Amino acid sequence: MISGPPLQQLTKRAQFLFVRAGFRASKPGVLVEARRREPSGAIGVGFTASKKVGGAVVRNRAKRRLREAARRLLPEHGLPGVDYVLVARQQTPSAPWPTLLDDLGNALLRLRADLEGAKRAKAPAKSTESD
RNA sequence: CCAGUCGGCUGGACGGCCGCGGGGCGCGCAAGUGUCUCGAGGAAAGUCCGGGCUCCACGCGGAUACGGCGGCGGGCAACACCCGCCGAAAGUGAUUUCAGGGAUAGCGCCACAGAGAAUAGCACCCGCCUCGCUCGCAGAGCUUCGGCAGGAAGGUAAGGGUGAAACGGUGGUGUAAGAGACCACCGCGCCAACCGUAAGGAAGGCGGCACGGCAAGCCCCGCCGGGAGCAAGACCGAAUAGGAGCACGCGUCGCGCAAGCGUCAGGCCCGUCCGCGGGUUGUGCUCGGGUUGGUCGCGAGAACCAUGCGGCGACGUAUGGUCCAGAGGAAUGGUCGUCACCGCGCAAGCGGUACAGAACCCGGCUUAUAGGCCGACUGGCAUU
RNA sequence: UGGGGUGUCGCCAAGCGGUAAGGCAGCGGUUUUUGGUACCGCCAUUCCUAGGUUCGAAUCCUAGCACCCCAG
């Protein structure tokens, strides 16, 4: 595996709510939220699936697929010091595997652009932490 | 062979690559890492019952209230579960279903229709019969003298009609017409030889029609139930938080008798651009409570498998063998290929493979479930 | 884990054993030159689902489904 920044799992409700206030990118297979926690360090990642996705078996399956996809793509496309939350959608358990990987990859690229743009814009005026 | 009834089992297989949780062992100061091994279900579900376990309450026993259960016998740790039997109902049958105690303990309800709906009422529904009746009406009823019509009188409840249900049914005797008034059978009620542990069955006898339904309406009878739940509960456990006790001490200045308050100094903590700012404070020791957090509770048991024995069966028992998930955002997977099964298609091929995820643990119930397999039995047809 | 509640027309709802009120909306008509208003009429055959009790069930009982709320 490519050695990137270490992954760290988000577990607390407060951590999820923190990320919820950040950027988000929606694809048919997955909804990704991201917010910078610190300038550098571990990549935080959390997974969630609501009851809308299905029963317990289906939700577990969705989270397993997202976890596997994140394990492959996040060290390469994720930014250090940023927390990501992957939210399962209704197509997550049934979508073809390459499609799911594409969706996650595109979402991560989009968020990388958003995060870096915000960093530049935020540099002069430090106090404006909107969105 | 066709149709059906009941019971039981199963719930995809193999391989490549990359991974996950628990445990053992090795290496390592540690972080880790290598290796071996184990790793979801018949319903893990719904949370509807019964228990174990833990804490709380409680002198013992009983009663009331409330809730649950309700044929009999057995099984079980226990049960609302299971087995066998009895009764009732449905089906040609195998078989299935049943909250299946009490309606002379009492109260309540029975709409509409109908004459009448519950200590029966009796007669003003249509009727039937008798008649000593012919009053009233415009008609001193009409008449072929046989009767007909009417009725406000009497008898009757058989027939029709209403209703879910109408106070026994069918046939006969009887009668003016009728009526359990009487008779036979059936039904009903009471008693009952005998059989059965019992629920219950029942030969037979007696009575003489008298006792409608609803208790998943209130209720009565019998039996059962103390409450909460693993977020139970136990242990560990910081500081500038904060409680109690003991010993020591009582810094500077101001006010004050003192307690105390303010101030400065000192100690400690936080932030820091290292200038300082903010907070807090007698010192030491001991004890107890306790938030975040951590550990335990947590899986060798009403356990599973095989065989024998007892029992119709549920089940019990003996011997031998096995160790079998245990997290805390929650593991047992992701992906690719081959095969199996099903559907579509001439074919190549394409699509699909159920319901569903342990969270303290057991015994049941209920509900969901693609497909496949096995056994027992019933009815029909054909053949021998 | 424990406890409580709701489900009736497209929407809001009454009804608590005896033929399913009412309002809004909708449809048709009358009035009006037209629209609005007003008036009249129509609109529930599975009362969330499946069984059962009863002569009779939206109502009573049992099981299930969906949704909501409360406590820790």
# chains A, B, ... in the order shown; residues from 1 in each chain; ligands from 1
$ select_by_dssp --residues "range 6-100 of chain A" --states "strand (DSSP E)" --output "list in words"
Leu7, Gln8, Gln9, Phe23, Arg24, Ala25, Ser26, Val30, Leu31, Val32, Glu33, Ala34, Arg35, Arg36, Ile43, Gly44, Val45, Gly46, Phe47, Thr48, Val82, Asp83, Tyr84, Val85, Leu86, Val87 and Ala88 of chain A
$ residues_around --residues "C27 in chain C" --least-positions-apart "2" --cutoff "12 Å" --atoms "only C-alpha atoms (C1' of nucleotides)" --output "CSV table (one decimal) with N, CA, C and O atoms (P, O5', C5', C4', C3', O3' and C1' of nucleotides), in the first residue's frame"
chain,number,residue,atom,x,y,z
C,25,A,P,-63.1,25.6,0.1
C,25,A,O5',-62.2,24.4,-0.6
C,25,A,C5',-60.8,24.5,-0.9
C,25,A,C4',-60.3,23.2,-1.4
C,25,A,C3',-60.8,22.8,-2.7
C,25,A,O3',-60.3,23.4,-3.9
C,25,A,C1',-60.7,21.0,-1.2
C,29,G,P,-72.0,22.2,-15.4
C,29,G,O5',-73.3,22.7,-14.7
C,29,G,C5',-74.5,22.1,-15.0
C,29,G,C4',-75.6,22.4,-14.0
C,29,G,C3',-76.0,23.9,-13.9
C,29,G,O3',-76.9,24.3,-14.9
C,29,G,C1',-75.8,23.0,-11.7
C,41,G,P,-79.1,20.1,-1.0
C,41,G,O5',-78.4,19.2,-2.1
C,41,G,C5',-79.3,18.5,-3.0
C,41,G,C4',-78.5,18.0,-4.2
C,41,G,C3',-77.4,17.0,-3.9
C,41,G,O3',-77.9,15.7,-3.7
C,41,G,C1',-76.6,18.6,-5.5
C,42,C,P,-77.0,14.7,-2.7
C,42,C,O5',-75.7,14.3,-3.6
C,42,C,C5',-75.9,13.6,-4.8
C,42,C,C4',-74.6,13.5,-5.6
C,42,C,C3',-73.5,12.8,-4.8
C,42,C,O3',-73.6,11.4,-4.8
C,42,C,C1',-72.6,14.7,-5.8
C,43,C,P,-73.2,10.5,-3.4
C,43,C,O5',-71.6,10.7,-3.3
C,43,C,C5',-70.7,10.3,-4.3
C,43,C,C4',-69.3,10.7,-4.1
C,43,C,C3',-68.8,10.4,-2.7
C,43,C,O3',-68.4,9.0,-2.6
C,43,C,C1',-68.2,12.6,-3.3
$ residues_around --residues "C112 in chain B" --least-positions-apart "5" --cutoff "10 Å" --atoms "only C-alpha atoms (C1' of nucleotides)" --output "compact mmCIF listing (two decimals) with N, CA and C atoms (P, O5', C5', C4', C3', O3' and C1' of nucleotides), in the first residue's frame"
# COMPACT_ATOMS: atom_id res chain seq x y z
P G B 163 -87.63 -9.93 8.19
O5' G B 163 -86.74 -10.21 9.47
C5' G B 163 -86.32 -9.14 10.30
C4' G B 163 -85.96 -9.64 11.66
C3' G B 163 -84.88 -10.71 11.71
O3' G B 163 -83.58 -10.17 11.61
C1' G B 163 -86.68 -11.34 13.10
P G C 18 -73.69 1.23 18.02
O5' G C 18 -74.70 0.69 16.92
C5' G C 18 -74.19 0.20 15.68
C4' G C 18 -75.32 -0.22 14.76
C3' G C 18 -76.51 0.74 14.76
O3' G C 18 -77.06 0.76 13.46
C1' G C 18 -77.22 -1.41 15.45
P U C 19 -76.78 2.06 12.55
O5' U C 19 -75.80 1.55 11.42
C5' U C 19 -76.11 0.44 10.61
C4' U C 19 -75.95 0.79 9.14
C3' U C 19 -75.18 2.08 8.86
O3' U C 19 -74.43 1.92 7.66
C1' U C 19 -77.37 2.26 7.99
$ atom_distance --atom1 "C1' of G205 in chain B" --atom2 "C1' of C167 in chain B"
27.1 Å
$ closest_atom_pairs --of "chain B" --to "chain A" --cutoff "9 Å" --atoms "only C-alpha atoms (C1' of nucleotides)" --output "JSON lines"
{"residue": "B:G19", "atom": "C1'", "partner": "A:Glu68", "partner_atom": "CA", "distance": 8.2}
{"residue": "B:G329", "atom": "C1'", "partner": "A:Thr11", "partner_atom": "CA", "distance": 5.2}
{"residue": "B:G333", "atom": "C1'", "partner": "A:Arg64", "partner_atom": "CA", "distance": 7.0}
{"residue": "B:G334", "atom": "C1'", "partner": "A:Glu68", "partner_atom": "CA", "distance": 6.3}
{"residue": "B:U335", "atom": "C1'", "partner": "A:Trp97", "partner_atom": "CA", "distance": 7.9}
{"residue": "B:A356", "atom": "C1'", "partner": "A:Val57", "partner_atom": "CA", "distance": 7.0}
{"residue": "B:G357", "atom": "C1'", "partner": "A:Val57", "partner_atom": "CA", "distance": 5.6}
$ write_last_selection --atoms "N, CA and C atoms (P, O5', C5', C4', C3', O3' and C1' of nucleotides)" --output "PDB file, in the first residue's frame"
ATOM      1  P     G B  19      -3.077  -6.271   2.283  1.00  0.00           P
ATOM      2  O5'   G B  19      -4.455  -5.785   2.908  1.00  0.00           O
ATOM      3  C5'   G B  19      -4.879  -6.253   4.162  1.00  0.00           C
ATOM      4  C4'   G B  19      -6.313  -5.861   4.390  1.00  0.00           C
ATOM      5  C3'   G B  19      -6.857  -6.187   5.771  1.00  0.00           C
ATOM      6  O3'   G B  19      -6.497  -5.204   6.732  1.00  0.00           O
ATOM      7  C1'   G B  19      -8.376  -6.954   4.161  1.00  0.00           C
ATOM      8  P     G B 329     -16.791   2.700  19.521  1.00  0.00           P
ATOM      9  O5'   G B 329     -16.940   2.284  17.999  1.00  0.00           O
ATOM     10  C5'   G B 329     -18.031   1.512  17.550  1.00  0.00           C
ATOM     11  C4'   G B 329     -18.279   1.778  16.096  1.00  0.00           C
ATOM     12  C3'   G B 329     -17.160   2.474  15.350  1.00  0.00           C
ATOM     13  O3'   G B 329     -17.082   1.973  14.016  1.00  0.00           O
ATOM     14  C1'   G B 329     -19.132   3.766  15.223  1.00  0.00           C
ATOM     15  P     G B 333     -18.325 -12.633   5.762  1.00  0.00           P
ATOM     16  O5'   G B 333     -18.335 -11.404   4.756  1.00  0.00           O
ATOM     17  C5'   G B 333     -18.882 -10.153   5.155  1.00  0.00           C
ATOM     18  C4'   G B 333     -17.956  -9.023   4.797  1.00  0.00           C
ATOM     19  C3'   G B 333     -17.705  -8.819   3.302  1.00  0.00           C
ATOM     20  O3'   G B 333     -18.763  -8.111   2.677  1.00  0.00           O
ATOM     21  C1'   G B 333     -15.658  -8.723   4.469  1.00  0.00           C
ATOM     22  P     G B 334     -19.028  -8.294   1.089  1.00  0.00           P
ATOM     23  O5'   G B 334     -17.823  -7.507   0.411  1.00  0.00           O
ATOM     24  C5'   G B 334     -17.768  -6.089   0.473  1.00  0.00           C
ATOM     25  C4'   G B 334     -16.551  -5.588  -0.285  1.00  0.00           C
ATOM     26  C3'   G B 334     -16.452  -6.069  -1.720  1.00  0.00           C
ATOM     27  O3'   G B 334     -17.249  -5.301  -2.610  1.00  0.00           O
ATOM     28  C1'   G B 334     -14.364  -6.356  -0.651  1.00  0.00           C
ATOM     29  P     U B 335     -18.040  -6.031  -3.804  1.00  0.00           P
ATOM     30  O5'   U B 335     -16.847  -6.428  -4.781  1.00  0.00           O
ATOM     31  C5'   U B 335     -16.061  -5.433  -5.396  1.00  0.00           C
ATOM     32  C4'   U B 335     -14.831  -6.043  -6.013  1.00  0.00           C
ATOM     33  C3'   U B 335     -15.078  -7.148  -7.026  1.00  0.00           C
ATOM     34  O3'   U B 335     -15.410  -6.641  -8.308  1.00  0.00           O
ATOM     35  C1'   U B 335     -13.376  -7.821  -5.523  1.00  0.00           C
ATOM     36  P     A B 356     -36.587  -8.793   5.273  1.00  0.00           P
ATOM     37  O5'   A B 356     -35.877  -8.957   6.676  1.00  0.00           O
ATOM     38  C5'   A B 356     -34.511  -8.691   6.833  1.00  0.00           C
ATOM     39  C4'   A B 356     -33.854  -9.792   7.634  1.00  0.00           C
ATOM     40  C3'   A B 356     -32.602  -9.367   8.404  1.00  0.00           C
ATOM     41  O3'   A B 356     -32.974  -8.836   9.667  1.00  0.00           O
ATOM     42  C1'   A B 356     -32.189 -11.394   7.235  1.00  0.00           C
ATOM     43  P     G B 357     -32.272  -7.485  10.235  1.00  0.00           P
ATOM     44  O5'   G B 357     -31.125  -8.068  11.152  1.00  0.00           O
ATOM     45  C5'   G B 357     -29.888  -8.402  10.603  1.00  0.00           C
ATOM     46  C4'   G B 357     -29.056  -9.141  11.592  1.00  0.00           C
ATOM     47  C3'   G B 357     -28.379  -8.237  12.633  1.00  0.00           C
ATOM     48  O3'   G B 357     -28.298  -8.933  13.858  1.00  0.00           O
ATOM     49  C1'   G B 357     -26.748  -9.352  11.345  1.00  0.00           C
TER      50        G B 357
END
$ atom_distance --atom1 "CA of Thr92 in chain A" --atom2 "C1' of C14 in chain B"
28.4 Å
$ residues_around --residues "range 82-89 of chain A" --least-positions-apart "6" --cutoff "8 Å" --atoms "only C-alpha atoms (C1' of nucleotides)" --output "short mmCIF file (atom, residue, chain, number, x, y, z; two decimals) with N, CA, C and O atoms, in the first residue's frame"
data_model
loop_
_atom_site.label_atom_id
_atom_site.label_comp_id
_atom_site.auth_asym_id
_atom_site.auth_seq_id
_atom_site.Cartn_x
_atom_site.Cartn_y
_atom_site.Cartn_z
N PHE A 16 -18.50 14.02 14.20
CA PHE A 16 -19.33 13.99 13.00
C PHE A 16 -20.01 15.34 12.79
O PHE A 16 -20.09 15.84 11.68
N VAL A 19 -17.63 17.89 11.24
CA VAL A 19 -17.41 17.74 9.80
C VAL A 19 -18.65 18.17 9.01
O VAL A 19 -18.56 18.68 7.90
N PRO A 28 -23.91 9.85 -7.02
CA PRO A 28 -24.99 8.85 -6.87
C PRO A 28 -24.65 7.78 -5.84
O PRO A 28 -25.52 7.31 -5.12
N GLY A 29 -23.39 7.38 -5.78
CA GLY A 29 -23.03 6.27 -4.91
C GLY A 29 -22.69 6.67 -3.49
O GLY A 29 -22.74 5.84 -2.59
N VAL A 30 -22.31 7.93 -3.27
CA VAL A 30 -21.82 8.30 -1.96
C VAL A 30 -21.91 9.80 -1.77
O VAL A 30 -21.84 10.56 -2.75
N LEU A 31 -22.11 10.22 -0.53
CA LEU A 31 -22.07 11.64 -0.16
C LEU A 31 -20.88 11.81 0.78
O LEU A 31 -20.78 11.11 1.79
N VAL A 32 -19.95 12.73 0.42
CA VAL A 32 -18.74 12.91 1.20
C VAL A 32 -18.76 14.31 1.81
O VAL A 32 -19.03 15.28 1.11
N GLU A 33 -18.47 14.38 3.10
CA GLU A 33 -18.32 15.66 3.77
C GLU A 33 -16.88 15.78 4.25
O GLU A 33 -16.26 14.78 4.58
N ALA A 34 -16.35 17.00 4.27
CA ALA A 34 -14.95 17.17 4.66
C ALA A 34 -14.77 18.53 5.32
O ALA A 34 -15.41 19.51 4.94
N ARG A 35 -13.87 18.58 6.32
CA ARG A 35 -13.56 19.86 6.97
C ARG A 35 -12.17 19.75 7.55
O ARG A 35 -11.81 18.73 8.15
N ARG A 36 -11.41 20.84 7.43
CA ARG A 36 -10.04 20.83 7.93
C ARG A 36 -10.05 20.92 9.45
O ARG A 36 -10.73 21.77 10.02
N ARG A 37 -9.32 20.00 10.07
CA ARG A 37 -9.25 19.97 11.53
C ARG A 37 -8.00 20.68 12.02
O ARG A 37 -8.02 21.43 12.99
N GLU A 38 -6.85 20.42 11.34
CA GLU A 38 -5.59 21.04 11.70
C GLU A 38 -4.74 21.13 10.44
O GLU A 38 -5.05 20.48 9.44
N SER A 40 -1.91 19.96 9.47
CA SER A 40 -1.36 18.71 8.96
C SER A 40 -1.63 17.63 9.99
O SER A 40 -2.14 17.89 11.07
N ALA A 42 -2.95 13.40 10.78
CA ALA A 42 -3.66 12.22 10.28
C ALA A 42 -4.92 12.63 9.53
O ALA A 42 -5.50 13.69 9.76
N ILE A 43 -5.30 11.77 8.60
CA ILE A 43 -6.57 11.93 7.92
C ILE A 43 -7.64 11.26 8.77
O ILE A 43 -7.55 10.08 9.07
N GLY A 44 -8.67 12.02 9.13
CA GLY A 44 -9.77 11.42 9.89
C GLY A 44 -10.84 10.95 8.92
O GLY A 44 -11.11 11.59 7.91
N VAL A 45 -11.43 9.80 9.24
CA VAL A 45 -12.47 9.29 8.36
C VAL A 45 -13.55 8.62 9.20
O VAL A 45 -13.26 7.89 10.16
N GLY A 46 -14.80 8.91 8.86
CA GLY A 46 -15.93 8.29 9.54
C GLY A 46 -16.95 7.81 8.54
O GLY A 46 -17.00 8.31 7.41
N PHE A 47 -17.72 6.81 8.94
CA PHE A 47 -18.70 6.21 8.04
C PHE A 47 -20.07 6.23 8.72
O PHE A 47 -20.17 6.01 9.93
N THR A 48 -21.10 6.45 7.92
CA THR A 48 -22.45 6.44 8.49
C THR A 48 -23.44 6.03 7.41
O THR A 48 -23.22 6.25 6.23
N ALA A 49 -24.53 5.38 7.89
CA ALA A 49 -25.59 4.95 6.99
C ALA A 49 -26.89 5.06 7.74
O ALA A 49 -27.02 4.52 8.83
N SER A 50 -27.83 5.79 7.17
CA SER A 50 -29.11 5.98 7.86
C SER A 50 -30.04 4.82 7.56
O SER A 50 -29.78 3.98 6.71
N VAL A 53 -31.27 3.81 3.97
CA VAL A 53 -30.53 2.94 3.06
C VAL A 53 -31.09 1.53 3.09
O VAL A 53 -31.17 0.85 2.06
N ALA A 62 -23.16 -1.57 3.18
CA ALA A 62 -22.82 -0.27 2.60
C ALA A 62 -21.57 0.29 3.27
O ALA A 62 -20.65 0.80 2.61
N LYS A 63 -21.53 0.19 4.62
CA LYS A 63 -20.38 0.76 5.32
C LYS A 63 -19.10 -0.03 5.02
O LYS A 63 -18.02 0.54 4.91
N LEU A 66 -17.88 1.15 1.64
CA LEU A 66 -17.28 2.48 1.74
C LEU A 66 -15.92 2.39 2.43
O LEU A 66 -14.97 3.08 2.05
#
$ residues_around --residues "range 105-107 of chain A" --least-positions-apart "6" --cutoff "9 Å" --atoms "only C-alpha atoms (C1' of nucleotides)" --output "list in words"
Arg24, Ala25, Ser26, Lys27, Val30, Leu31, Val32, Leu73, Leu74 and His77 of chain A
$ write_last_selection --atoms "C-alpha atoms" --output "short mmCIF file (atom, residue, chain, number, x, y, z; two decimals), in the first residue's frame"
data_model
loop_
_atom_site.label_atom_id
_atom_site.label_comp_id
_atom_site.auth_asym_id
_atom_site.auth_seq_id
_atom_site.Cartn_x
_atom_site.Cartn_y
_atom_site.Cartn_z
CA ARG A 24 -19.74 18.36 0.87
CA ALA A 25 -19.76 16.60 -2.47
CA SER A 26 -22.66 14.41 -3.58
CA LYS A 27 -22.42 11.57 -6.09
CA VAL A 30 -21.82 8.30 -1.96
CA LEU A 31 -22.07 11.64 -0.16
CA VAL A 32 -18.74 12.91 1.20
CA LEU A 73 -8.37 5.99 -2.33
CA LEU A 74 -8.02 8.17 0.74
CA HIS A 77 -6.45 11.66 -2.72
#
